[in-house]
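Just below is one structure, and these are the notes that go with it.
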Amino acid sequence: MADATHARIQDSGWALHPPNGWKYAQETAATVAQTSRAALIVLTQAPAKDEKDNAVYRSAIARAAVRLEVQTKKGALELPKKPEKVVVVGPLKISLHQVDHAKREGKKGALLVFWTKLPEGANLVGMGFVADDDDTKADQSILDAVSSLAPLGAGNKPDGGAP
């Protein structure tokens with residue numbers, strides 16, 4: 001990535017590169033980046049007591065959808081148990097799902113939902129929306145941001161971000 005900006009993800013000890021040229025904010029409850037036709041949100045949530053309890057992920061996904069103001073054709077986001085794709089980013093195995101027919105700010109588009117368990121135990125959940133009329137390759141920018149997930153450390157310090 002040309003831009004070395006890092007945005008921390010809550011107090012997880014992890015960060016990502018927000019897409020170049022996007023406005024972003026490191027909020028208390030999430031990290032959000034957006035343009036007029038696309039948006040990305042990443043947040044963390046404490047793990048469930050029972051590892052097989054998917055309610056934690058469902059709750060985090062619902063919070064992300066509300067914050068991003070995304071709706072789907074079917075209403076609530078119900079994802080299959082198995083992801084469509086799994087990508088490996090450092091020590092993380094990130095599960096990916098695409099939801100078609102999503103809507104944000106009156107625009108129709110696709111929604112990428114992703115999640116993983118961080119080595120420290122917290123769950124990381126995110127989603128990216130791209131309007132059908134986007135011509136900026138925002139979908140690739142979102143995937144690049146997901147691929148940039150890394151622990152904070154020397155040389156990987158967060159920038160301030162716009163509120």
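Chain lettering (A, B, ...) mirrors the order of the structure tokens, residue numbering begins at 1 for each chain separately, and ligand numbering begins at 1 in order of display.
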Please provide as JSON, numbers by chain all residues within 12 Å of Ala38 in chain A, with the sequence filter that same-chain residues fewer than 4 positions apart are discarded (counting only C-alpha atoms). {"A": [19, 21, 22, 23, 24, 32, 33, 34, 68, 69, 70, 102, 103, 104, 105, 107, 108, 109, 110, 111, 112, 127, 128, 129, 130, 131, 132, 133, 134, 135, 136, 137, 138, 139, 140, 141, 142]}
Can you write just those residues out, N, CA and C atoms, as an mmCIF file, in the first residue's frame?
```
data_model
loop_
_atom_site.group_PDB
_atom_site.id
_atom_site.type_symbol
_atom_site.label_atom_id
_atom_site.label_comp_id
_atom_site.auth_asym_id
_atom_site.auth_seq_id
_atom_site.Cartn_x
_atom_site.Cartn_y
_atom_site.Cartn_z
ATOM 1 N N PRO A 19 -8.490 2.230 3.610
ATOM 2 C CA PRO A 19 -8.252 2.454 2.171
ATOM 3 C C PRO A 19 -7.772 3.878 1.880
ATOM 4 N N GLY A 21 -7.346 7.440 0.610
ATOM 5 C CA GLY A 21 -8.292 8.455 0.180
ATOM 6 C C GLY A 21 -9.645 8.402 0.870
ATOM 7 N N TRP A 22 -9.901 7.389 1.687
ATOM 8 C CA TRP A 22 -11.169 7.283 2.397
ATOM 9 C C TRP A 22 -11.082 8.074 3.701
ATOM 10 N N LYS A 23 -12.182 8.653 4.131
ATOM 11 C CA LYS A 23 -12.249 9.272 5.457
ATOM 12 C C LYS A 23 -12.408 8.152 6.464
ATOM 13 N N TYR A 24 -11.674 8.243 7.577
ATOM 14 C CA TYR A 24 -11.816 7.197 8.576
ATOM 15 C C TYR A 24 -11.827 7.788 9.979
ATOM 16 N N VAL A 32 -14.129 2.987 11.493
ATOM 17 C CA VAL A 32 -15.004 3.143 10.330
ATOM 18 C C VAL A 32 -14.264 3.945 9.263
ATOM 19 N N ALA A 33 -14.387 3.520 8.007
ATOM 20 C CA ALA A 33 -13.825 4.257 6.865
ATOM 21 C C ALA A 33 -14.905 4.310 5.798
ATOM 22 N N GLN A 34 -14.967 5.438 5.059
ATOM 23 C CA GLN A 34 -16.009 5.518 4.043
ATOM 24 C C GLN A 34 -15.722 6.535 2.956
ATOM 25 N N LEU A 68 -23.173 1.048 10.475
ATOM 26 C CA LEU A 68 -22.924 1.355 9.069
ATOM 27 C C LEU A 68 -24.213 1.739 8.334
ATOM 28 N N GLU A 69 -25.344 1.550 9.006
ATOM 29 C CA GLU A 69 -26.664 1.842 8.435
ATOM 30 C C GLU A 69 -26.900 1.046 7.155
ATOM 31 N N VAL A 70 -26.642 -0.254 7.258
ATOM 32 C CA VAL A 70 -26.807 -1.168 6.137
ATOM 33 C C VAL A 70 -28.030 -2.050 6.390
ATOM 34 N N ALA A 102 -27.769 -5.667 -0.712
ATOM 35 C CA ALA A 102 -27.738 -4.835 0.492
ATOM 36 C C ALA A 102 -28.053 -3.397 0.080
ATOM 37 N N LYS A 103 -28.331 -2.570 1.078
ATOM 38 C CA LYS A 103 -28.672 -1.182 0.792
ATOM 39 C C LYS A 103 -28.082 -0.295 1.888
ATOM 40 N N ARG A 104 -27.525 0.834 1.462
ATOM 41 C CA ARG A 104 -26.960 1.815 2.387
ATOM 42 C C ARG A 104 -27.170 3.199 1.793
ATOM 43 N N GLU A 105 -27.720 4.088 2.587
ATOM 44 C CA GLU A 105 -27.962 5.468 2.139
ATOM 45 C C GLU A 105 -28.687 5.515 0.796
ATOM 46 N N LYS A 107 -28.586 3.475 -1.617
ATOM 47 C CA LYS A 107 -27.877 2.842 -2.740
ATOM 48 C C LYS A 107 -27.840 1.330 -2.551
ATOM 49 N N LYS A 108 -28.061 0.602 -3.633
ATOM 50 C CA LYS A 108 -27.974 -0.848 -3.603
ATOM 51 C C LYS A 108 -26.537 -1.269 -3.860
ATOM 52 N N GLY A 109 -26.160 -2.403 -3.263
ATOM 53 C CA GLY A 109 -24.810 -2.884 -3.472
ATOM 54 C C GLY A 109 -24.567 -4.210 -2.795
ATOM 55 N N ALA A 110 -23.300 -4.571 -2.702
ATOM 56 C CA ALA A 110 -22.883 -5.827 -2.078
ATOM 57 C C ALA A 110 -22.249 -5.537 -0.722
ATOM 58 N N LEU A 111 -22.401 -6.498 0.165
ATOM 59 C CA LEU A 111 -21.874 -6.380 1.518
ATOM 60 C C LEU A 111 -20.941 -7.555 1.779
ATOM 61 N N LEU A 112 -19.729 -7.262 2.188
ATOM 62 C CA LEU A 112 -18.780 -8.295 2.596
ATOM 63 C C LEU A 112 -18.788 -8.330 4.116
ATOM 64 N N MET A 127 -17.392 -5.435 8.287
ATOM 65 C CA MET A 127 -18.158 -5.506 7.044
ATOM 66 C C MET A 127 -17.791 -4.344 6.158
ATOM 67 N N GLY A 128 -17.911 -4.589 4.879
ATOM 68 C CA GLY A 128 -17.656 -3.556 3.892
ATOM 69 C C GLY A 128 -18.794 -3.523 2.900
ATOM 70 N N PHE A 129 -19.283 -2.338 2.600
ATOM 71 C CA PHE A 129 -20.361 -2.152 1.637
ATOM 72 C C PHE A 129 -19.812 -1.421 0.425
ATOM 73 N N VAL A 130 -20.211 -1.862 -0.766
ATOM 74 C CA VAL A 130 -19.838 -1.187 -2.008
ATOM 75 C C VAL A 130 -21.092 -1.047 -2.865
ATOM 76 N N ALA A 131 -21.429 0.185 -3.208
ATOM 77 C CA ALA A 131 -22.596 0.450 -4.046
ATOM 78 C C ALA A 131 -22.380 -0.104 -5.451
ATOM 79 N N ASP A 132 -23.467 -0.519 -6.070
ATOM 80 C CA ASP A 132 -23.392 -1.076 -7.428
ATOM 81 C C ASP A 132 -22.792 -0.091 -8.429
ATOM 82 N N ASP A 133 -22.975 1.215 -8.179
ATOM 83 C CA ASP A 133 -22.469 2.211 -9.138
ATOM 84 C C ASP A 133 -21.046 2.681 -8.826
ATOM 85 N N ASP A 134 -20.363 1.999 -7.928
ATOM 86 C CA ASP A 134 -18.982 2.375 -7.598
ATOM 87 C C ASP A 134 -18.067 2.088 -8.777
ATOM 88 N N ASP A 135 -17.211 3.053 -9.089
ATOM 89 C CA ASP A 135 -16.243 2.854 -10.169
ATOM 90 C C ASP A 135 -14.814 3.098 -9.678
ATOM 91 N N THR A 136 -14.625 2.995 -8.360
ATOM 92 C CA THR A 136 -13.315 3.281 -7.767
ATOM 93 C C THR A 136 -12.581 2.032 -7.289
ATOM 94 N N LYS A 137 -13.122 0.863 -7.593
ATOM 95 C CA LYS A 137 -12.543 -0.405 -7.123
ATOM 96 C C LYS A 137 -12.541 -0.479 -5.595
ATOM 97 N N ALA A 138 -13.606 0.026 -4.993
ATOM 98 C CA ALA A 138 -13.724 0.018 -3.529
ATOM 99 C C ALA A 138 -13.726 -1.399 -2.972
ATOM 100 N N ASP A 139 -14.258 -2.359 -3.734
ATOM 101 C CA ASP A 139 -14.257 -3.738 -3.252
ATOM 102 C C ASP A 139 -12.831 -4.232 -3.034
ATOM 103 N N GLN A 140 -11.932 -3.910 -3.944
ATOM 104 C CA GLN A 140 -10.534 -4.297 -3.778
ATOM 105 C C GLN A 140 -9.892 -3.529 -2.625
ATOM 106 N N SER A 141 -10.259 -2.276 -2.457
ATOM 107 C CA SER A 141 -9.730 -1.478 -1.337
ATOM 108 C C SER A 141 -10.129 -2.084 0.001
ATOM 109 N N ILE A 142 -11.345 -2.586 0.087
ATOM 110 C CA ILE A 142 -11.802 -3.228 1.329
ATOM 111 C C ILE A 142 -11.021 -4.510 1.572
#
```
Could you give me, as a ChimeraX atom specification, the residues within 12 Å of range 89-98 of chain A, counting only C-alpha atoms and dropping anything in the same chain fewer than 4 positions from it? /A:14,16,57,61,72,77-85,102,109-121,123-130,139,142-151
Go ahead and save the picked residues with C-alpha atoms, as a PDB file, in the first residue's frame.
```
ATOM      1  CA  TRP A  14      -4.573  -4.689  16.255  1.00  0.00           C
ATOM      2  CA  LEU A  16      -5.380  -2.005   9.678  1.00  0.00           C
ATOM      3  CA  TYR A  57     -20.718 -13.088  16.174  1.00  0.00           C
ATOM      4  CA  ILE A  61     -22.483  -8.301  13.058  1.00  0.00           C
ATOM      5  CA  THR A  72     -30.361  -6.392   3.559  1.00  0.00           C
ATOM      6  CA  LEU A  77     -28.133 -10.778   8.489  1.00  0.00           C
ATOM      7  CA  GLU A  78     -28.222 -14.546   8.767  1.00  0.00           C
ATOM      8  CA  LEU A  79     -25.008 -16.081   7.508  1.00  0.00           C
ATOM      9  CA  PRO A  80     -24.417 -19.762   6.820  1.00  0.00           C
ATOM     10  CA  LYS A  81     -22.218 -21.560   9.345  1.00  0.00           C
ATOM     11  CA  LYS A  82     -19.496 -22.137   6.754  1.00  0.00           C
ATOM     12  CA  PRO A  83     -17.822 -19.113   5.157  1.00  0.00           C
ATOM     13  CA  GLU A  84     -17.685 -18.726   1.394  1.00  0.00           C
ATOM     14  CA  LYS A  85     -13.946 -18.168   1.614  1.00  0.00           C
ATOM     15  CA  ALA A 102     -27.738  -4.835   0.492  1.00  0.00           C
ATOM     16  CA  GLY A 109     -24.810  -2.884  -3.472  1.00  0.00           C
ATOM     17  CA  ALA A 110     -22.883  -5.827  -2.078  1.00  0.00           C
ATOM     18  CA  LEU A 111     -21.874  -6.380   1.518  1.00  0.00           C
ATOM     19  CA  LEU A 112     -18.780  -8.295   2.596  1.00  0.00           C
ATOM     20  CA  VAL A 113     -18.990  -9.674   6.142  1.00  0.00           C
ATOM     21  CA  PHE A 114     -15.805 -10.978   7.743  1.00  0.00           C
ATOM     22  CA  TRP A 115     -14.728 -12.286  11.122  1.00  0.00           C
ATOM     23  CA  THR A 116     -11.928 -14.028  12.939  1.00  0.00           C
ATOM     24  CA  LYS A 117     -10.751 -14.842  16.415  1.00  0.00           C
ATOM     25  CA  LEU A 118      -7.709 -12.821  17.486  1.00  0.00           C
ATOM     26  CA  PRO A 119      -4.833 -14.687  19.175  1.00  0.00           C
ATOM     27  CA  GLU A 120      -5.625 -12.822  22.402  1.00  0.00           C
ATOM     28  CA  GLY A 121      -9.137 -14.337  22.378  1.00  0.00           C
ATOM     29  CA  ASN A 123     -13.526 -11.762  18.160  1.00  0.00           C
ATOM     30  CA  LEU A 124     -12.863  -9.344  15.314  1.00  0.00           C
ATOM     31  CA  VAL A 125     -15.858  -8.633  13.092  1.00  0.00           C
ATOM     32  CA  GLY A 126     -16.198  -6.334  10.122  1.00  0.00           C
ATOM     33  CA  MET A 127     -18.158  -5.506   7.044  1.00  0.00           C
ATOM     34  CA  GLY A 128     -17.656  -3.556   3.892  1.00  0.00           C
ATOM     35  CA  PHE A 129     -20.361  -2.152   1.637  1.00  0.00           C
ATOM     36  CA  VAL A 130     -19.838  -1.187  -2.008  1.00  0.00           C
ATOM     37  CA  ASP A 139     -14.257  -3.738  -3.252  1.00  0.00           C
ATOM     38  CA  ILE A 142     -11.802  -3.228   1.329  1.00  0.00           C
ATOM     39  CA  LEU A 143     -10.066  -6.558   0.703  1.00  0.00           C
ATOM     40  CA  ASP A 144      -6.688  -4.781   0.871  1.00  0.00           C
ATOM     41  CA  ALA A 145      -7.676  -3.265   4.240  1.00  0.00           C
ATOM     42  CA  VAL A 146      -8.694  -6.702   5.546  1.00  0.00           C
ATOM     43  CA  SER A 147      -5.382  -8.120   4.292  1.00  0.00           C
ATOM     44  CA  SER A 148      -3.502  -5.392   6.160  1.00  0.00           C
ATOM     45  CA  LEU A 149      -4.700  -6.507   9.615  1.00  0.00           C
ATOM     46  CA  ALA A 150      -1.692  -6.708  11.909  1.00  0.00           C
ATOM     47  CA  PRO A 151      -0.843  -6.375  15.582  1.00  0.00           C
TER      48      PRO A 151
END
```
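Of the listed residues A:Val87, A:Ile9, A:Ala15, A:Ala29, the one whose atoms come nearest to Ala60 in chain A is A:Ala29, with distances taken using only C-alpha atoms.
Every protein, DNA or RNA residue with an atom at most 8 Å from Ser12 in chain A, where only C-alpha atoms count and chain neighbours fewer than 3 positions away do not, is listed here: Arg8, Ile9, Thr44 and Ala122 of chain A.
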So which bits of chain A end up helix (DSSP H, G or I) when you DSSP the backbone, as an NGL selection string? :A and (55-68 or 138-147)
Those residues with C-alpha atoms, as a PDB file, in the first residue's frame please?
```pdb
ATOM      1  CA  ALA A  55     -24.553 -15.452  19.254  1.00  0.00           C
ATOM      2  CA  VAL A  56     -21.420 -13.376  19.891  1.00  0.00           C
ATOM      3  CA  TYR A  57     -20.718 -13.088  16.174  1.00  0.00           C
ATOM      4  CA  ARG A  58     -24.377 -12.426  15.374  1.00  0.00           C
ATOM      5  CA  SER A  59     -24.459  -9.652  17.986  1.00  0.00           C
ATOM      6  CA  ALA A  60     -21.265  -8.041  16.661  1.00  0.00           C
ATOM      7  CA  ILE A  61     -22.483  -8.301  13.058  1.00  0.00           C
ATOM      8  CA  ALA A  62     -25.791  -6.689  14.047  1.00  0.00           C
ATOM      9  CA  ARG A  63     -23.934  -3.826  15.802  1.00  0.00           C
ATOM     10  CA  ALA A  64     -21.752  -3.289  12.727  1.00  0.00           C
ATOM     11  CA  ALA A  65     -24.784  -3.241  10.410  1.00  0.00           C
ATOM     12  CA  VAL A  66     -26.574  -0.697  12.618  1.00  0.00           C
ATOM     13  CA  ARG A  67     -23.510   1.571  12.826  1.00  0.00           C
ATOM     14  CA  LEU A  68     -22.924   1.355   9.069  1.00  0.00           C
ATOM     15  CA  ALA A 138     -13.724   0.018  -3.529  1.00  0.00           C
ATOM     16  CA  ASP A 139     -14.257  -3.738  -3.252  1.00  0.00           C
ATOM     17  CA  GLN A 140     -10.534  -4.297  -3.778  1.00  0.00           C
ATOM     18  CA  SER A 141      -9.730  -1.478  -1.337  1.00  0.00           C
ATOM     19  CA  ILE A 142     -11.802  -3.228   1.329  1.00  0.00           C
ATOM     20  CA  LEU A 143     -10.066  -6.558   0.703  1.00  0.00           C
ATOM     21  CA  ASP A 144      -6.688  -4.781   0.871  1.00  0.00           C
ATOM     22  CA  ALA A 145      -7.676  -3.265   4.240  1.00  0.00           C
ATOM     23  CA  VAL A 146      -8.694  -6.702   5.546  1.00  0.00           C
ATOM     24  CA  SER A 147      -5.382  -8.120   4.292  1.00  0.00           C
TER      25      SER A 147
END
```
Taking the chain letters and numbering used in this document, name the residues of chain A that DSSP puts in strand (DSSP E), as number ranges by chain. A: 7-8, 14-16, 23-26, 31-34, 38-45, 70-72, 85-89, 92-104, 107-117, 123-131, 150-151
For the selection you just gave me, I'd like the residues written to a file as a compact mmCIF listing (two decimals), in the first residue's frame, keeping C-alpha atoms.
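And here's again-v7.txt as it stands now:
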```txt
# COMPACT_ATOMS: atom_id res chain seq x y z
CA ALA A 7 -5.97 2.76 12.24
CA ARG A 8 -6.22 0.94 15.56
CA TRP A 14 -4.57 -4.69 16.26
CA ALA A 15 -4.72 -2.20 13.40
CA LEU A 16 -5.38 -2.00 9.68
CA LYS A 23 -12.25 9.27 5.46
CA TYR A 24 -11.82 7.20 8.58
CA ALA A 25 -12.45 7.41 12.31
CA GLN A 26 -11.15 5.39 15.21
CA THR A 31 -13.05 1.78 13.29
CA VAL A 32 -15.00 3.14 10.33
CA ALA A 33 -13.83 4.26 6.86
CA GLN A 34 -16.01 5.52 4.04
CA ALA A 38 -18.50 2.55 0.00
CA ALA A 39 -17.96 1.93 3.70
CA LEU A 40 -15.94 -0.33 5.98
CA ILE A 41 -16.33 -1.05 9.69
CA VAL A 42 -14.21 -3.23 11.99
CA LEU A 43 -14.89 -3.91 15.66
CA THR A 44 -14.08 -6.41 18.37
CA GLN A 45 -16.19 -8.25 20.88
CA VAL A 70 -26.81 -1.17 6.14
CA GLN A 71 -29.96 -3.13 5.42
CA THR A 72 -30.36 -6.39 3.56
CA LYS A 85 -13.95 -18.17 1.61
CA VAL A 86 -11.22 -18.12 4.26
CA VAL A 87 -8.14 -15.94 3.84
CA VAL A 88 -5.01 -16.19 5.94
CA VAL A 89 -3.50 -12.91 7.13
CA LEU A 92 -5.42 -14.96 11.42
CA LYS A 93 -7.84 -17.14 9.46
CA ILE A 94 -10.49 -14.68 8.32
CA SER A 95 -13.89 -16.00 7.26
CA LEU A 96 -15.59 -14.10 4.42
CA HIS A 97 -19.21 -13.95 3.27
CA GLN A 98 -20.75 -11.83 0.53
CA VAL A 99 -24.34 -10.67 0.86
CA ASP A 100 -25.91 -9.35 -2.34
CA HIS A 101 -28.85 -6.95 -2.46
CA ALA A 102 -27.74 -4.83 0.49
CA LYS A 103 -28.67 -1.18 0.79
CA ARG A 104 -26.96 1.81 2.39
CA LYS A 107 -27.88 2.84 -2.74
CA LYS A 108 -27.97 -0.85 -3.60
CA GLY A 109 -24.81 -2.88 -3.47
CA ALA A 110 -22.88 -5.83 -2.08
CA LEU A 111 -21.87 -6.38 1.52
CA LEU A 112 -18.78 -8.30 2.60
CA VAL A 113 -18.99 -9.67 6.14
CA PHE A 114 -15.81 -10.98 7.74
CA TRP A 115 -14.73 -12.29 11.12
CA THR A 116 -11.93 -14.03 12.94
CA LYS A 117 -10.75 -14.84 16.42
CA ASN A 123 -13.53 -11.76 18.16
CA LEU A 124 -12.86 -9.34 15.31
CA VAL A 125 -15.86 -8.63 13.09
CA GLY A 126 -16.20 -6.33 10.12
CA MET A 127 -18.16 -5.51 7.04
CA GLY A 128 -17.66 -3.56 3.89
CA PHE A 129 -20.36 -2.15 1.64
CA VAL A 130 -19.84 -1.19 -2.01
CA ALA A 131 -22.60 0.45 -4.05
CA ALA A 150 -1.69 -6.71 11.91
CA PRO A 151 -0.84 -6.37 15.58
```
